[in-house]
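**Q** Next up, start38.csv (CSV, C-alpha atoms).
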```
chain,number,residue,atom,x,y,z
A,50,MET,CA,1.3,-13.7,13.8
A,51,PRO,CA,0.3,-10.0,14.7
A,52,GLY,CA,3.9,-8.8,14.8
A,53,GLU,CA,4.2,-9.4,11.1
A,54,TYR,CA,1.6,-6.8,10.1
A,55,ARG,CA,2.1,-3.0,9.6
A,56,GLU,CA,0.2,-0.6,11.8
A,57,GLU,CA,-1.6,0.7,8.7
A,58,LEU,CA,-3.5,-2.6,8.6
A,59,TYR,CA,-4.6,-2.2,12.2
A,60,GLN,CA,-5.7,1.3,11.5
A,61,TRP,CA,-7.8,0.0,8.5
A,62,ILE,CA,-9.3,-2.7,10.7
A,63,TRP,CA,-10.3,0.0,13.3
A,64,GLU,CA,-11.6,2.4,10.7
A,65,LYS,CA,-13.9,-0.3,9.2
A,66,LEU,CA,-14.6,-2.0,12.6
A,67,GLU,CA,-13.6,-5.3,11.1
A,68,PHE,CA,-13.4,-7.1,14.4
A,69,ASN,CA,-15.7,-8.4,17.1
A,70,THR,CA,-16.6,-5.3,19.2
A,71,ALA,CA,-18.9,-7.1,21.6
A,72,SER,CA,-16.4,-8.0,24.3
A,73,LEU,CA,-13.7,-5.3,24.3
A,74,GLN,CA,-12.2,-4.4,27.6
A,75,THR,CA,-9.4,-2.4,29.1
A,76,THR,CA,-6.3,-4.0,30.7
A,77,ASP,CA,-8.2,-3.5,34.0
A,78,GLY,CA,-11.2,-5.4,32.7
A,79,GLU,CA,-13.6,-2.5,32.2
A,80,ALA,CA,-16.0,-2.8,29.3
A,81,VAL,CA,-15.2,-0.7,26.2
A,82,ARG,CA,-17.9,0.2,23.8
A,83,ILE,CA,-17.2,2.1,20.6
A,84,ILE,CA,-20.0,4.7,19.9
A,85,GLU,CA,-18.0,6.4,17.1
A,86,ASN,CA,-14.6,5.1,16.1
A,87,GLY,CA,-13.5,8.6,14.9
A,88,THR,CA,-12.0,10.1,11.7
A,89,ARG,CA,-8.8,8.6,10.4
A,90,ASN,CA,-5.8,10.9,10.4
A,91,HIS,CA,-3.4,10.2,7.5
A,92,GLY,CA,-0.8,12.8,8.7
A,93,ALA,CA,1.1,13.4,11.9
A,94,GLY,CA,-0.6,12.9,15.3
A,95,PRO,CA,-3.0,10.3,16.7
A,96,ASP,CA,-4.5,7.8,14.3
A,97,PHE,CA,-8.1,8.8,14.8
A,98,SER,CA,-9.8,12.0,16.1
A,99,ALA,CA,-13.3,12.8,17.2
A,100,ALA,CA,-13.9,9.3,18.7
A,101,HIS,CA,-16.7,8.6,21.2
A,102,ILE,CA,-15.9,5.7,23.5
A,103,LEU,CA,-17.8,4.3,26.5
A,104,ILE,CA,-15.4,2.9,29.1
A,105,GLY,CA,-16.8,1.3,32.2
A,106,GLY,CA,-20.0,3.4,31.8
A,107,ARG,CA,-18.2,6.7,31.4
A,108,ARG,CA,-18.3,8.6,28.1
A,109,TRP,CA,-15.0,9.8,26.5
A,110,PHE,CA,-14.5,12.1,23.5
A,111,GLY,CA,-11.1,12.5,21.8
A,112,SER,CA,-8.5,10.7,19.9
A,113,VAL,CA,-7.5,7.0,19.5
A,114,GLU,CA,-4.0,5.7,18.9
A,115,ILE,CA,-3.3,2.2,17.6
A,116,HIS,CA,-0.1,0.2,18.1
A,117,LYS,CA,1.1,-3.4,17.8
A,118,THR,CA,2.4,-3.4,21.4
A,119,ALA,CA,1.8,-1.2,24.5
A,120,ALA,CA,5.6,-0.3,24.5
A,121,ASP,CA,5.2,1.5,21.2
A,122,TRP,CA,3.6,4.4,22.9
A,123,ARG,CA,6.9,5.3,24.6
A,124,SER,CA,9.2,4.1,21.9
A,125,HIS,CA,7.4,6.4,19.5
A,126,GLN,CA,7.7,9.2,22.2
A,127,HIS,CA,4.0,10.0,22.3
A,128,HIS,CA,4.3,10.6,26.0
A,129,GLU,CA,6.4,13.6,25.2
A,130,ASP,CA,4.3,15.0,22.3
A,131,PRO,CA,1.5,17.4,23.2
A,132,ALA,CA,-0.3,16.3,20.0
A,133,TYR,CA,-1.3,13.1,21.9
A,134,ASN,CA,-2.7,14.8,25.0
A,135,ARG,CA,-6.3,14.2,23.7
A,136,VAL,CA,-5.9,10.4,23.3
A,137,ILE,CA,-8.7,8.7,25.2
A,138,LEU,CA,-7.9,5.2,24.0
A,139,HIS,CA,-4.7,3.4,23.2
A,140,VAL,CA,-5.6,0.3,21.2
A,141,VAL,CA,-3.0,-2.5,21.4
A,142,VAL,CA,-3.0,-5.6,19.3
A,143,GLU,CA,-0.6,-7.8,21.3
```
What's the structure tokens form of this structure?
**A**
Amino acid sequence: MPGEYREELYQWIWEKLEFNTASLQTTDGEAVRIIENGTRNHGAGPDFSAAHILIGGRRWFGSVEIHKTAADWRSHQHHEDPAYNRVILHVVVE
């Protein structure tokens, strides 16, 4: 069950692209294509920087944050932290 794993595992999975990337989509159903998954950050701030993502045909460059649930964004108070202003993709496992 996904809730039993630590976020570090999800970060490793993203870093190594150890998942099927062929049918990724946003919660609105737009196609997501990973051009560059970014550089892992082992310190404070978003999990990955310098990512290049194609969402619904539009190119995005910035950071990626990974959480178990969508609610973690607010519970971790990222919405109040300027370090997360460059997040282009919030990856949610559940």
**Q** Measure the distance from atom CA of Pro131 of chain A to atom CA of Val113 of chain A in Å and round it to one decimal.
**A**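 Rounded to one decimal, the two atoms are 14.2 Å apart.
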**Q** Identify which of the residues A:Ser72, A:Gln126, A:Thr118, A:Thr88 lies closest to Tyr54 of chain A, counting only C-alpha atoms when measuring atom-to-atom distances.
**A**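 Answer, going by the shortest atom-to-atom distance: A:Thr118.
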**Q** Any idea what's packed within 8 Å of segment 60-64 of chain A, counting all atoms listed in the file, ignoring anything in its chain fewer than 5 positions away? Could you give it as a PyMOL selection string?
**A** chain A and resi 86-89+96+115
**Q** Could you jot down the atom CA of Ile102 of chain A to atom CA of His116 of chain A separation for me, Å, one decimal place?
**A**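 Result for atom CA of Ile102 of chain A versus atom CA of His116 of chain A: 17.6 Å, one decimal.
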**Q** When you count only C-alpha atoms, which of these residues is closest to Leu58 of chain A: A:Ala99, A:Ile84, A:Thr70, A:Lys117?
**A** A:Lys117
**Q** Within 10 Å of (2.0, -0.3, 18.7), in the coordinates the file gives, what residues turn up when you count only C-alpha atoms, written out as a count of residues only?
**A** 21
**Q** Tell me, in Å to one decimal, how far atom CA of Thr76 of chain A is from atom CA of Ile104 of chain A.
**A**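 Spanning atom CA of Thr76 of chain A to atom CA of Ile104 of chain A is a straight-line distance of 11.5 Å.
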**Q** Do a neighbour search on Leu103 of chain A at 12 Å with all atoms listed in the file, toss out local chain neighbours closer than 6 positions, and write the hits as a list in words.
**A**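 Final neighbour list, sorted by chain and number: Leu73, Gln74, Thr75, Glu79, Ala80, Val81, Arg82, Ile83, Ile84, Glu85, Asn86, Trp109, Phe110, Gly111, Ile137 and Leu138 of chain A.
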**Q** Any idea what's packed within 9 Å of Tyr133 of chain A, counting all atoms listed in the file, ignoring anything in its chain fewer than 4 positions away? Could you give it as a PyMOL selection string?
**A** chain A and resi 94-95+112+114+127-129
